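Novice: Provided herewith: upload-v3.txt, compact mmCIF, C-alpha atoms and all ligand atoms.
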```txt
# COMPACT_ATOMS: atom_id res chain seq x y z
CA MET A 1 -200.05 64.36 225.15
CA ALA A 2 -196.82 65.41 226.91
CA GLU A 3 -197.26 62.56 229.44
CA TYR A 4 -197.63 60.13 226.54
CA ARG A 5 -194.32 61.33 225.04
CA TYR A 6 -192.58 60.95 228.44
CA LEU A 7 -193.95 57.40 228.74
CA LEU A 8 -192.72 56.51 225.25
CA GLY A 9 -189.33 58.05 226.04
CA ALA A 10 -189.06 56.08 229.28
CA LEU A 11 -190.00 52.84 227.50
CA GLY A 12 -187.42 53.61 224.81
CA LEU A 13 -184.73 54.15 227.43
CA LEU A 14 -185.67 50.89 229.17
CA GLY A 15 -185.56 49.02 225.85
CA ALA A 16 -182.15 50.50 224.99
CA ALA A 17 -180.82 49.60 228.46
CA ALA A 18 -182.07 46.01 228.09
CA ALA A 19 -180.63 45.72 224.56
CA ALA A 20 -177.25 46.93 225.84
CA GLY A 21 -177.19 44.01 228.27
CA LEU A 22 -177.97 41.24 225.78
CA PRO A 23 -175.43 38.40 225.55
CA TYR A 24 -173.59 39.54 222.40
CA ARG A 25 -170.38 37.78 223.35
CA THR A 26 -169.06 34.88 225.40
CA ASP A 27 -166.49 35.82 228.05
CA VAL A 28 -163.38 33.85 228.91
CA THR A 29 -162.83 33.94 232.66
CA THR A 30 -159.48 32.73 234.00
CA TYR A 31 -158.74 31.49 237.50
CA THR A 32 -155.65 30.00 239.08
CA LEU A 33 -155.54 27.56 241.98
CA ALA A 34 -152.38 26.29 243.64
CA SER A 35 -151.84 22.91 245.23
CA ASP A 36 -148.82 20.90 246.33
CA LYS A 37 -150.38 17.95 244.42
CA ILE A 38 -149.73 19.76 241.12
CA VAL A 39 -146.28 19.15 239.64
CA THR A 40 -146.67 20.05 235.96
CA PRO A 41 -149.16 22.95 235.53
CA VAL A 42 -152.55 21.90 234.16
CA LYS A 43 -154.89 24.05 232.10
CA ILE A 44 -158.55 23.07 232.43
CA VAL A 45 -161.44 24.47 230.43
CA LEU A 46 -164.85 24.24 232.09
CA LEU A 47 -167.85 24.17 229.75
CA SER A 48 -171.36 23.83 231.14
CA ASP A 49 -175.00 24.44 230.27
CA PHE A 50 -174.57 24.57 226.51
CA HIS A 51 -178.28 23.76 226.08
CA ASN A 52 -177.67 23.49 222.30
CA ASP A 53 -177.98 27.27 222.22
CA ARG A 54 -175.77 28.13 219.22
CA SER A 55 -176.19 27.94 215.47
CA ASP A 56 -174.09 25.33 213.69
CA LYS A 57 -171.65 28.08 212.67
CA GLY A 58 -171.62 29.49 216.22
CA THR A 59 -171.01 26.01 217.64
CA ILE A 60 -167.98 25.45 215.41
CA ALA A 61 -166.67 28.93 216.30
CA LEU A 62 -167.10 28.12 219.99
CA ALA A 63 -165.11 24.90 219.61
CA GLU A 64 -162.39 26.77 217.74
CA ARG A 65 -162.23 29.35 220.52
CA VAL A 66 -161.80 26.58 223.09
CA ARG A 67 -159.10 24.90 220.99
CA LYS A 68 -157.13 28.15 220.82
CA LEU A 69 -156.98 28.13 224.62
CA HIS A 70 -154.95 24.88 224.36
CA PRO A 71 -156.57 23.10 227.33
CA ASP A 72 -155.07 19.91 228.72
CA LEU A 73 -158.60 18.71 229.44
CA ILE A 74 -162.22 19.85 229.37
CA LEU A 75 -164.75 19.37 232.18
CA MET A 76 -168.49 19.47 231.47
CA PRO A 77 -170.70 19.30 234.59
CA GLY A 78 -174.06 18.96 232.89
CA ASP A 79 -176.84 20.43 230.75
CA MET A 80 -174.77 20.09 227.62
CA ALA A 81 -177.68 18.48 225.71
CA GLU A 82 -181.03 20.23 226.06
CA GLU A 83 -183.61 17.49 225.55
CA HIS A 84 -183.93 16.84 221.81
CA ASN A 85 -184.11 20.46 220.67
CA HIS A 86 -181.22 20.95 218.23
CA GLN A 87 -179.31 18.30 220.13
CA GLU A 88 -177.03 17.60 217.15
CA ARG A 89 -175.26 20.86 217.97
CA THR A 90 -174.01 19.29 221.18
CA PHE A 91 -172.38 16.50 219.22
CA LEU A 92 -171.10 18.97 216.63
CA LEU A 93 -169.37 20.80 219.48
CA LEU A 94 -167.92 17.58 220.90
CA ARG A 95 -166.70 16.33 217.52
CA ASN A 96 -164.94 19.64 216.95
CA LEU A 97 -163.18 19.24 220.29
CA ALA A 98 -162.03 15.69 219.50
CA GLY A 99 -158.55 14.87 220.69
CA ILE A 100 -158.83 16.91 223.89
CA PRO A 101 -159.63 14.73 226.95
CA MET A 102 -163.25 15.49 227.93
CA TYR A 103 -165.17 14.55 231.08
CA TYR A 104 -168.92 14.85 231.57
CA SER A 105 -171.56 14.36 234.22
CA THR A 106 -175.29 14.88 233.74
CA GLY A 107 -177.35 17.97 234.50
CA ASN A 108 -181.03 18.11 235.35
CA HIS A 109 -181.96 18.46 231.66
CA GLU A 110 -180.27 15.16 230.89
CA GLU A 111 -180.74 13.03 233.98
CA PHE A 112 -184.47 12.47 233.52
CA ARG A 113 -184.47 11.82 229.79
CA TRP A 114 -186.04 8.53 228.76
CA ASP A 115 -183.14 7.98 226.34
CA LEU A 116 -180.39 8.75 228.85
CA THR A 117 -178.53 5.49 228.20
CA ALA A 118 -178.37 6.19 224.46
CA LEU A 119 -177.45 9.83 225.13
CA LYS A 120 -174.49 8.84 227.29
CA GLN A 121 -173.35 6.44 224.57
CA ARG A 122 -173.40 9.28 222.05
CA PHE A 123 -171.16 11.31 224.39
CA ARG A 124 -168.81 8.31 224.60
CA ASP A 125 -168.84 7.94 220.82
CA CYS A 126 -167.48 11.52 220.66
CA GLY A 127 -164.59 10.51 222.92
CA VAL A 128 -166.09 11.88 226.16
CA VAL A 129 -165.59 10.06 229.47
CA VAL A 130 -169.03 9.87 231.11
CA LEU A 131 -168.65 9.99 234.88
CA ASP A 132 -171.81 8.69 236.48
CA GLU A 133 -170.68 7.76 239.99
CA LYS A 134 -167.33 6.78 238.52
CA THR A 135 -163.80 8.12 238.57
CA ASP A 136 -161.01 8.30 236.05
CA VAL A 137 -157.34 9.11 236.46
CA ILE A 138 -155.49 11.24 233.94
CA LYS A 139 -151.83 12.16 233.91
CA ILE A 140 -150.76 15.52 232.50
CA GLY A 141 -146.98 15.68 232.43
CA GLU A 142 -145.95 14.84 235.98
CA THR A 143 -149.35 15.70 237.48
CA SER A 144 -152.01 13.08 238.12
CA LEU A 145 -155.66 14.04 238.55
CA GLU A 146 -158.47 11.81 239.80
CA ILE A 147 -161.78 13.01 238.36
CA ALA A 148 -165.18 11.84 239.64
CA GLY A 149 -168.68 12.75 238.57
CA ILE A 150 -172.09 12.33 240.15
CA SER A 151 -175.41 12.33 238.34
CA CYS A 152 -177.76 15.26 238.84
CA ARG A 153 -180.40 13.73 241.08
CA GLN A 154 -183.47 15.53 242.30
CA GLU A 155 -182.44 15.64 245.94
CA MET A 156 -179.02 15.87 247.56
CA LYS A 157 -180.15 13.22 250.07
CA ASN A 158 -179.51 10.71 247.28
CA PHE A 159 -175.84 11.06 248.14
CA THR A 160 -173.87 11.37 251.33
CA PRO A 161 -170.47 13.07 251.52
CA GLU A 162 -169.00 9.75 252.62
CA GLU A 163 -170.37 7.99 249.51
CA ILE A 164 -168.92 10.65 247.22
CA SER A 165 -165.58 10.68 249.06
CA ALA A 166 -165.45 6.90 248.65
CA LEU A 167 -165.51 7.29 244.85
CA PHE A 168 -161.92 8.50 245.07
CA HIS A 169 -159.19 5.90 245.47
CA THR A 170 -155.97 7.91 245.22
CA ASP A 171 -154.29 10.89 246.82
CA TYR A 172 -153.94 12.61 243.44
CA TYR A 173 -155.53 16.02 242.95
CA ARG A 174 -159.24 15.23 243.26
CA ILE A 175 -161.90 16.86 241.09
CA LEU A 176 -165.65 16.29 241.38
CA LEU A 177 -168.10 17.14 238.58
CA SER A 178 -171.58 17.86 239.90
CA HIS A 179 -174.18 20.04 238.22
CA LYS A 180 -175.86 21.98 241.02
CA PRO A 181 -173.91 24.53 243.10
CA ASN A 182 -176.77 24.79 245.60
CA TRP A 183 -175.63 21.43 247.00
CA ILE A 184 -172.66 23.27 248.52
CA ASN A 185 -173.39 21.89 252.00
CA LEU A 186 -172.88 18.39 250.58
CA TYR A 187 -169.68 19.25 248.68
CA ASP A 188 -168.34 21.00 251.78
CA ARG A 189 -167.93 17.61 253.48
CA VAL A 190 -166.55 15.69 250.49
CA GLU A 191 -162.82 14.98 250.67
CA CYS A 192 -162.02 16.55 247.34
CA ASP A 193 -159.77 19.37 246.16
CA LEU A 194 -162.12 20.92 243.63
CA THR A 195 -165.84 20.63 242.83
CA VAL A 196 -167.00 22.08 239.49
CA CYS A 197 -170.61 23.07 238.85
CA GLY A 198 -172.90 24.94 236.45
CA HIS A 199 -176.72 25.07 236.54
CA ALA A 200 -177.18 28.66 237.83
CA HIS A 201 -176.56 30.33 234.43
CA GLY A 202 -174.84 33.13 236.31
CA GLY A 203 -178.15 34.29 237.73
CA GLN A 204 -179.77 34.80 234.26
CA TRP A 205 -180.35 38.56 234.63
CA HIS A 206 -178.06 40.95 236.51
CA ILE A 207 -178.83 44.36 237.90
CA PRO A 208 -176.56 46.58 235.79
CA VAL A 209 -173.66 48.44 237.44
CA ALA A 210 -174.29 46.71 240.79
CA ASP A 211 -173.82 43.38 238.93
CA ILE A 212 -176.18 41.52 241.25
CA PRO A 213 -177.66 38.24 239.95
CA ILE A 214 -181.44 38.22 240.08
CA ALA A 215 -182.54 34.59 239.93
CA ALA A 216 -181.23 31.06 239.49
CA PRO A 217 -182.86 27.62 239.39
CA SER A 218 -182.80 25.83 242.75
CA GLN A 219 -181.80 29.06 244.51
CA GLY A 220 -184.60 31.50 243.71
CA LEU A 221 -184.19 35.27 243.89
CA PHE A 222 -180.79 36.90 244.46
CA PRO A 223 -178.87 33.61 244.41
CA LYS A 224 -175.58 33.29 246.24
CA TYR A 225 -173.83 30.60 244.17
CA THR A 226 -173.79 31.58 240.50
CA THR A 227 -170.15 32.12 239.55
CA GLY A 228 -166.56 32.09 240.77
CA ILE A 229 -164.58 30.15 243.34
CA HIS A 230 -165.98 29.39 246.79
CA ASP A 231 -164.11 28.01 249.80
CA LEU A 232 -165.12 24.61 251.18
CA THR A 233 -163.87 22.74 254.23
CA TYR A 234 -161.72 20.38 252.12
CA GLY A 235 -161.21 22.34 248.91
CA LYS A 236 -162.90 24.77 246.54
CA MET A 237 -166.08 24.95 244.47
CA LEU A 238 -165.84 26.52 240.99
CA ILE A 239 -169.04 27.56 239.24
CA SER A 240 -169.37 28.27 235.53
CA ARG A 241 -171.95 30.82 234.41
CA GLY A 242 -172.59 28.49 231.50
CA LEU A 243 -172.72 28.86 227.73
CA VAL A 244 -176.47 29.24 227.14
CA ARG A 245 -177.46 32.68 225.83
CA HIS A 246 -181.24 32.34 225.64
CA TYR A 247 -182.83 29.91 228.06
CA HIS A 248 -186.05 28.71 226.44
CA GLY A 249 -186.19 31.99 224.51
CA ILE A 250 -185.46 34.23 227.50
CA PRO A 251 -182.18 36.13 226.97
CA ARG A 252 -179.59 36.72 229.63
CA LEU A 253 -179.12 40.38 230.60
CA TYR A 254 -175.85 41.93 231.81
CA ASN A 255 -174.59 38.41 232.38
CA ASN A 256 -172.59 37.07 229.46
CA PRO A 257 -172.14 33.36 228.85
CA GLU A 258 -168.67 32.18 229.72
CA ILE A 259 -165.87 29.75 229.03
CA VAL A 260 -163.95 29.16 232.26
CA VAL A 261 -160.21 28.55 232.21
CA LEU A 262 -158.65 27.15 235.36
CA ASN A 263 -154.89 26.94 235.71
CA LEU A 264 -153.77 24.46 238.35
CA VAL A 265 -150.26 25.23 239.50
CA ASN A 266 -147.79 24.24 242.13
CA PRO A 267 -147.60 27.02 244.74
CA HIS A 268 -143.88 27.31 244.00
CA GLU A 269 -144.25 27.53 240.22
CA ASN A 270 -145.86 30.05 237.85
CA ALA A 271 -148.97 29.24 235.77
CA LYS A 272 -148.14 28.34 232.19
FE FE B 301 -178.75 24.64 232.65
```
Output the file's structure as C-alpha cells, nothing else.
Ligand SMILES: [Fe+2]

Specialist:
Amino acid sequence: MAEYRYLLGALGLLGAAAAAGLPYRTDVTTYTLASDKIVTPVKIVLLSDFHNDRSDKGTIALAERVRKLHPDLILMPGDMAEEHNHQERTFLLLRNLAGIPMYYSTGNHEEFRWDLTALKQRFRDCGVVVLDEKTDVIKIGETSLEIAGISCRQEMKNFTPEEISALFHTDYYRILLSHKPNWINLYDRVECDLTVCGHAHGGQWHIPVADIPIAAPSQGLFPKYTTGIHDLTYGKMLISRGLVRHYHGIPRLYNNPEIVVLNLVNPHENAK
C-alpha cells in the first residue's frame, strides 16, 4: 500500500513538472546584428511555424503584439499554413498585419500541398511577397535590403550554393528565407549576410534547468540547430523557435513559442 502511495506521489510530481513547462506564453526574443551595409537601423520581426495553432482571438492578439513591436518588415520562412486544418487563422493573422511589408517562403507543410499555387495566391492577396526562388529589394530609410527565398524541397541537393547566390543581384544587405536550419552546410557557402529559418520548433521538448532540446524534425535527438544565431562563412543563420504551441496535439515543454525581433544596425550606430 505504501509503495502504491509513493508511485502515485511520483506520478503527481511528474505531472506537475510537465504542466509547469507547458507553453502558456509566447516569448519575444531580441537580437542585434551589425553590418556596414546598414545605414538606417532596421527592425525585423521573424515569424515562423504558425501551423494555425491559435484560436481566432489568440491569432488577433498575436498580430496586435507584433504590431506593437513596430517592425519595418516581417519575414516568414515557412510552415505558416498547416495543411487545411484551421487554415483561415493564417489569413486572419496576415490580414491583421496588413500594411507591414511581409515576405514568405514555403515550409515542408506547404511545399507538397496539391493546392500550393492557390495557397501562394492567398498569401499574395493578403499583401505578402511570396519568394519562391525570387528576390525583392526593399528600402527602409537609407538602408536597402535584398531578400530572397527558396522553397522547402525534400533534399538540399535540389539547390547548390552557387544557384542560391545567383538569386542576388545587388550588394545590398542580403537576406535568405529558407525553412530548414539543418541545411546549414548549404547556407554556409551562399554569399548572403543573413539566412533565416524555422522548422525545428525549438526542439519541441527541453530538459528543464539544463535547457537542452530533445528532438527536432530533420535533426533527430538532441538537435544542434533549433534557435539563435549561428556563424556561417559568409554571414549568419538565425533560427526562430516558431509560434506553434501544440504540434499535432503534442504540447511543447519548457520551450515557449517565440516572436523573434532582429535589429540590424550600423556598427557605428545604436539600435533604435
Ligand atoms: Fe513546422

Novice: Give the centre and edge lengths of an axis-aligned box, in Å to one decimal, that holds all listed atoms of segment 71-84 of chain A with 5 Å on each side, as JSON.

Specialist:
```
{"center_x": -169.5, "center_y": 20.0, "center_z": 228.2, "size_x": 38.9, "size_y": 16.3, "size_z": 22.8}
```

Novice: Which is closest to Tyr24 of chain A among A:Thr135, A:Asn256, A:Asn266, A:Ser178, if we use all atoms listed in the file?

Specialist: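 Of the candidates, the smallest distance to Tyr24 of chain A is held by A:Asn256.
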
Novice: Give me the residues near segment 78-92 of chain A as a list in words, where near means some atom within 6 Å (using only C-alpha atoms) and where sequence neighbours in that chain fewer than 4 positions away do not count.

Specialist: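 Answer for this query is Ser48, Asp49, Phe50, His51, Asn52, Ser105, Thr106, Gly107, His109 and His179 of chain A.
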
Novice: Selection from above, C-alpha atoms, as a compact mmCIF listing (two decimals), in the frame of the given file, can you write it?

Specialist:
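Below you can see selection_18.txt, which holds the result:
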```txt
# COMPACT_ATOMS: atom_id res chain seq x y z
CA SER A 48 -171.36 23.83 231.14
CA ASP A 49 -175.00 24.44 230.27
CA PHE A 50 -174.57 24.57 226.51
CA HIS A 51 -178.28 23.76 226.08
CA ASN A 52 -177.67 23.49 222.30
CA SER A 105 -171.56 14.36 234.22
CA THR A 106 -175.29 14.88 233.74
CA GLY A 107 -177.35 17.97 234.50
CA HIS A 109 -181.96 18.46 231.66
CA HIS A 179 -174.18 20.04 238.22
```

Novice: Please provide the set of residues having any atom within 8 Å of Val66 of chain A, restricted to all atoms listed in the file, with same-chain residues fewer than 4 positions apart removed, written as a list in words.

Specialist: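 Using all atoms listed in the file, the neighbours found are Val45, Leu62, His70, Pro71, Leu97 and Ile259 of chain A.
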
Novice: Go through A:Lys43, A:Arg252, A:Arg95, A:Arg245 and flag the residue nearest Cys126 of chain A, using all atoms listed in the file for the distances.

Specialist: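 Looking only at the distances to Cys126 of chain A, the closest residue turns out to be A:Arg95.
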
Novice: Smallest atom-to-atom distance to ligand FE 301 (chain B): which of A:Lys224, A:Leu33, A:Val190, A:Ser240, using all atoms listed in the file?

Specialist: A:Ser240

Novice: Would you compute the distance between atom CA of Pro101 of chain A and atom CA of Asp136 of chain A? Give it in Å to one decimal.

Specialist: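 Spanning atom CA of Pro101 of chain A to atom CA of Asp136 of chain A is a straight-line distance of 11.2 Å.
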
Novice: Generate the coordinates of N, CA and C atoms for segment 178-199 of chain A; report them as an mmCIF file, keeping the file's coordinate frame.

Specialist:
```cif
data_model
loop_
_atom_site.group_PDB
_atom_site.id
_atom_site.type_symbol
_atom_site.label_atom_id
_atom_site.label_comp_id
_atom_site.auth_asym_id
_atom_site.auth_seq_id
_atom_site.Cartn_x
_atom_site.Cartn_y
_atom_site.Cartn_z
ATOM 1 N N SER A 178 -170.210 17.982 239.415
ATOM 2 C CA SER A 178 -171.580 17.860 239.900
ATOM 3 C C SER A 178 -172.338 19.124 239.498
ATOM 4 N N HIS A 179 -173.514 18.949 238.931
ATOM 5 C CA HIS A 179 -174.180 20.040 238.220
ATOM 6 C C HIS A 179 -174.574 21.222 239.107
ATOM 7 N N LYS A 180 -175.169 20.918 240.270
ATOM 8 C CA LYS A 180 -175.860 21.980 241.020
ATOM 9 C C LYS A 180 -175.001 22.589 242.130
ATOM 10 N N PRO A 181 -174.722 23.895 242.054
ATOM 11 C CA PRO A 181 -173.910 24.530 243.100
ATOM 12 C C PRO A 181 -174.658 24.706 244.422
ATOM 13 N N ASN A 182 -175.991 24.624 244.371
ATOM 14 C CA ASN A 182 -176.770 24.790 245.600
ATOM 15 C C ASN A 182 -176.624 23.600 246.546
ATOM 16 N N TRP A 183 -175.922 22.558 246.115
ATOM 17 C CA TRP A 183 -175.630 21.430 247.000
ATOM 18 C C TRP A 183 -174.316 21.679 247.754
ATOM 19 N N ILE A 184 -173.962 22.913 247.929
ATOM 20 C CA ILE A 184 -172.660 23.270 248.520
ATOM 21 C C ILE A 184 -172.470 22.638 249.903
ATOM 22 N N ASN A 185 -173.544 22.496 250.672
ATOM 23 C CA ASN A 185 -173.390 21.890 252.000
ATOM 24 C C ASN A 185 -172.965 20.425 251.919
ATOM 25 N N LEU A 186 -173.334 19.770 250.822
ATOM 26 C CA LEU A 186 -172.880 18.390 250.580
ATOM 27 C C LEU A 186 -171.404 18.401 250.166
ATOM 28 N N TYR A 187 -171.059 19.220 249.179
ATOM 29 C CA TYR A 187 -169.680 19.250 248.680
ATOM 30 C C TYR A 187 -168.709 19.650 249.794
ATOM 31 N N ASP A 188 -169.187 20.492 250.694
ATOM 32 C CA ASP A 188 -168.340 21.000 251.780
ATOM 33 C C ASP A 188 -167.706 19.866 252.577
ATOM 34 N N ARG A 189 -168.410 18.729 252.645
ATOM 35 C CA ARG A 189 -167.930 17.610 253.480
ATOM 36 C C ARG A 189 -167.351 16.465 252.661
ATOM 37 N N VAL A 190 -167.175 16.696 251.349
ATOM 38 C CA VAL A 190 -166.550 15.690 250.490
ATOM 39 C C VAL A 190 -165.038 15.929 250.479
ATOM 40 N N GLU A 191 -164.278 14.845 250.628
ATOM 41 C CA GLU A 191 -162.820 14.980 250.670
ATOM 42 C C GLU A 191 -162.284 15.082 249.246
ATOM 43 N N CYS A 192 -162.298 16.286 248.755
ATOM 44 C CA CYS A 192 -162.020 16.550 247.340
ATOM 45 C C CYS A 192 -161.393 17.934 247.232
ATOM 46 N N ASP A 193 -160.456 18.081 246.289
ATOM 47 C CA ASP A 193 -159.770 19.370 246.160
ATOM 48 C C ASP A 193 -160.617 20.413 245.430
ATOM 49 N N LEU A 194 -161.378 19.960 244.460
ATOM 50 C CA LEU A 194 -162.120 20.920 243.630
ATOM 51 C C LEU A 194 -163.433 20.309 243.162
ATOM 52 N N THR A 195 -164.534 21.022 243.364
ATOM 53 C CA THR A 195 -165.840 20.630 242.830
ATOM 54 C C THR A 195 -166.217 21.643 241.757
ATOM 55 N N VAL A 196 -166.603 21.163 240.565
ATOM 56 C CA VAL A 196 -167.000 22.080 239.490
ATOM 57 C C VAL A 196 -168.479 21.912 239.184
ATOM 58 N N CYS A 197 -169.159 23.056 239.014
ATOM 59 C CA CYS A 197 -170.610 23.070 238.850
ATOM 60 C C CYS A 197 -171.015 24.049 237.736
ATOM 61 N N GLY A 198 -172.295 23.984 237.383
ATOM 62 C CA GLY A 198 -172.900 24.940 236.450
ATOM 63 C C GLY A 198 -174.279 25.301 236.970
ATOM 64 N N HIS A 199 -175.308 25.040 236.154
ATOM 65 C CA HIS A 199 -176.720 25.070 236.540
ATOM 66 C C HIS A 199 -177.305 26.473 236.768
#
```
